[in-house]
file start36.pdb (PDB, C-alpha atoms)
ATOM      1  CA  MET A   1     -40.052  18.867  11.690
ATOM      2  CA  THR A   2     -39.880  20.374   8.233
ATOM      3  CA  LEU A   3     -36.521  20.634   6.557
ATOM      4  CA  GLY A   4     -35.733  22.940   3.674
ATOM      5  CA  PRO A   5     -34.825  21.714   0.194
ATOM      6  CA  ARG A   6     -31.783  19.514  -0.223
ATOM      7  CA  ILE A   7     -28.611  21.482  -0.871
ATOM      8  CA  ASP A   8     -28.026  19.616  -4.163
ATOM      9  CA  VAL A   9     -31.280  21.113  -5.427
ATOM     10  CA  LEU A  10     -29.958  24.586  -4.640
ATOM     11  CA  HIS A  11     -26.328  24.101  -5.666
ATOM     12  CA  THR A  12     -25.355  22.402  -8.889
ATOM     13  CA  PRO A  13     -21.949  20.746  -9.082
ATOM     14  CA  THR A  14     -18.972  22.616 -10.459
ATOM     15  CA  LEU A  15     -17.589  20.707 -13.425
ATOM     16  CA  MET A  16     -13.829  20.524 -13.738
ATOM     17  CA  ALA A  17     -11.242  18.381 -15.453
ATOM     18  CA  SER A  18     -11.113  14.914 -13.898
ATOM     19  CA  ASP A  19      -7.464  15.228 -12.867
ATOM     20  CA  GLU A  20      -8.191  18.563 -11.139
ATOM     21  CA  ALA A  21     -11.141  17.042  -9.272
ATOM     22  CA  ILE A  22      -9.027  14.081  -8.154
ATOM     23  CA  ALA A  23      -6.242  16.367  -6.908
ATOM     24  CA  LEU A  24      -8.681  18.635  -5.053
ATOM     25  CA  ALA A  25     -10.596  15.749  -3.453
ATOM     26  CA  SER A  26      -7.317  14.157  -2.391
ATOM     27  CA  GLN A  27      -6.188  17.389  -0.753
ATOM     28  CA  LEU A  28      -9.556  17.910   0.956
ATOM     29  CA  ASN A  29      -9.622  14.322   2.246
ATOM     30  CA  SER A  30      -6.149  14.717   3.763
ATOM     31  CA  ASP A  31      -6.737  18.213   5.221
ATOM     32  CA  THR A  32     -10.227  17.849   6.662
ATOM     33  CA  LEU A  33     -10.676  18.280  10.416
ATOM     34  CA  GLU A  34     -14.092  16.640  10.406
ATOM     35  CA  ASP A  35     -14.761  13.101   9.246
ATOM     36  CA  TRP A  36     -16.255  14.145   5.933
ATOM     37  CA  THR A  37     -15.321  12.484   2.662
ATOM     38  CA  TYR A  38     -14.909  14.124  -0.730
ATOM     39  CA  LEU A  39     -15.678  11.812  -3.669
ATOM     40  CA  VAL A  40     -15.000  12.399  -7.347
ATOM     41  CA  ASP A  41     -17.803  11.524  -9.740
ATOM     42  CA  ALA A  42     -16.548  11.628 -13.328
ATOM     43  CA  ASP A  43     -18.213  11.453 -16.722
ATOM     44  CA  PRO A  44     -15.761   9.485 -18.882
ATOM     45  CA  SER A  45     -17.414  10.615 -22.100
ATOM     46  CA  THR A  46     -16.575  14.275 -21.412
ATOM     47  CA  GLY A  47     -13.542  13.987 -19.122
ATOM     48  CA  LYS A  48     -15.297  16.293 -16.665
ATOM     49  CA  ALA A  49     -15.929  15.561 -13.003
ATOM     50  CA  TRP A  50     -17.472  17.033  -9.872
ATOM     51  CA  ILE A  51     -16.920  16.456  -6.167
ATOM     52  CA  GLU A  52     -19.554  15.141  -3.781
ATOM     53  CA  VAL A  53     -19.358  15.977  -0.064
ATOM     54  CA  ILE A  54     -20.310  13.115   2.263
ATOM     55  CA  ASP A  55     -20.623  13.590   6.042
ATOM     56  CA  GLU A  56     -19.279  11.330   8.801
ATOM     57  CA  ASP A  57     -22.473   9.236   8.713
ATOM     58  CA  GLY A  58     -22.185   8.581   4.970
ATOM     59  CA  VAL A  59     -24.943  11.040   4.093
ATOM     60  CA  PHE A  60     -24.650  13.127   0.926
ATOM     61  CA  ILE A  61     -24.364  16.836   1.883
ATOM     62  CA  SER A  62     -23.637  18.763  -1.280
ATOM     63  CA  TYR A  63     -21.708  19.062  -4.485
ATOM     64  CA  MET A  64     -18.681  21.308  -4.695
TER      65      MET A  64
END

call {"tool": "encode", "arguments": {"input": "start36.pdb", "output": "C-alpha coordinates"}}
result
Amino acid sequence: MTLGPRIDVLHTPTLMASDEAIALASQLNSDTLEDWTYLVDADPSTGKAWIEVIDEDGVFISYM
(Lines of atoms letter the chains of each structure in order from A and count residues from 1; the text may use other names and numbers.)
(Lines give C-alpha, C1' and ligand atoms only; values in the text may rest on other atoms or scores of the structure.)
Protein backbone atom coordinates (compact mmCIF):
# COMPACT_ATOMS: atom_id res chain seq x y z
CA MET A 1 0.00 0.00 0.00
CA THR A 2 1.46 3.32 -1.05
CA LEU A 3 0.47 6.40 0.87
CA GLY A 4 0.82 9.93 -0.42
CA PRO A 5 3.15 12.51 1.12
CA ARG A 6 2.67 13.46 4.74
CA ILE A 7 0.31 16.38 5.21
CA ASP A 8 3.01 18.38 7.04
CA VAL A 9 5.05 18.30 3.84
CA LEU A 10 2.12 19.82 1.96
CA HIS A 11 0.89 22.24 4.62
CA THR A 12 3.23 24.46 6.57
CA PRO A 13 2.14 25.65 10.00
CA THR A 14 0.41 28.99 10.42
CA LEU A 15 2.45 31.13 12.79
CA MET A 16 0.53 33.21 15.29
CA ALA A 17 1.15 34.93 18.59
CA SER A 18 1.68 32.38 21.37
CA ASP A 19 -1.29 33.59 23.41
CA GLU A 20 -3.57 33.31 20.35
CA ALA A 21 -2.35 29.77 19.67
CA ILE A 22 -2.93 28.77 23.30
CA ALA A 23 -6.47 30.20 23.26
CA LEU A 24 -7.32 28.51 19.96
CA ALA A 25 -5.89 25.12 20.99
CA SER A 26 -7.77 25.33 24.29
CA GLN A 27 -11.03 26.02 22.47
CA LEU A 28 -10.42 23.23 19.95
CA ASN A 29 -9.54 20.74 22.69
CA SER A 30 -12.76 21.53 24.56
CA ASP A 31 -15.02 21.58 21.46
CA THR A 32 -13.75 18.57 19.55
CA LEU A 33 -16.16 15.69 18.91
CA GLU A 34 -13.37 13.28 18.04
CA ASP A 35 -10.55 12.34 20.38
CA TRP A 36 -7.98 14.50 18.65
CA THR A 37 -5.60 16.75 20.54
CA TYR A 38 -4.38 20.20 19.54
CA LEU A 39 -0.90 21.06 20.87
CA VAL A 40 0.84 24.42 20.85
CA ASP A 41 4.47 24.43 19.78
CA ALA A 42 6.05 27.81 20.51
CA ASP A 43 9.34 29.45 19.61
CA PRO A 44 10.25 31.51 22.69
CA SER A 45 12.80 33.56 20.79
CA THR A 46 10.14 34.99 18.47
CA GLY A 47 6.98 34.69 20.59
CA LYS A 48 5.31 32.90 17.68
CA ALA A 49 3.62 29.52 17.83
CA TRP A 50 1.77 26.99 15.71
CA ILE A 51 -0.72 24.24 16.48
CA GLU A 52 -0.12 20.55 15.84
CA VAL A 53 -3.07 18.20 15.30
CA ILE A 54 -2.70 14.77 16.92
CA ASP A 55 -5.22 11.96 16.33
CA GLU A 56 -6.76 9.63 18.92
CA ASP A 57 -3.84 7.20 18.55
CA GLY A 58 -1.24 9.89 19.26
CA VAL A 59 -0.20 10.17 15.61
CA PHE A 60 0.73 13.57 14.19
CA ILE A 61 -1.82 14.54 11.48
CA SER A 62 -1.07 18.09 10.45
CA TYR A 63 -0.24 21.61 11.44
CA MET A 64 -2.93 24.25 11.60

call {"tool": "resolve_selection", "arguments": {"input": "start36.pdb", "expression": "the PyMOL selection byres ((chain A and resi 34) around 12)", "output": "list of chain:residue names"}}
result
A:Leu28, A:Asn29, A:Ser30, A:Asp31, A:Thr32, A:Leu33, A:Asp35, A:Trp36, A:Thr37, A:Tyr38, A:Val53, A:Ile54, A:Asp55, A:Glu56, A:Asp57

call {"tool": "resolve_selection", "arguments": {"input": "start36.pdb", "expression": "the PyMOL selection byres ((chain A and resi 46) around 12)", "output": "MDAnalysis selection string"}}
result
chainID A and resid 15:18 42:45 47:50

call {"tool": "atom_distance", "arguments": {"input": "start36.pdb", "atom1": "CA of Leu39 (chain A)", "atom2": "CA of Val59 (chain A)"}}
result
12.1 Å
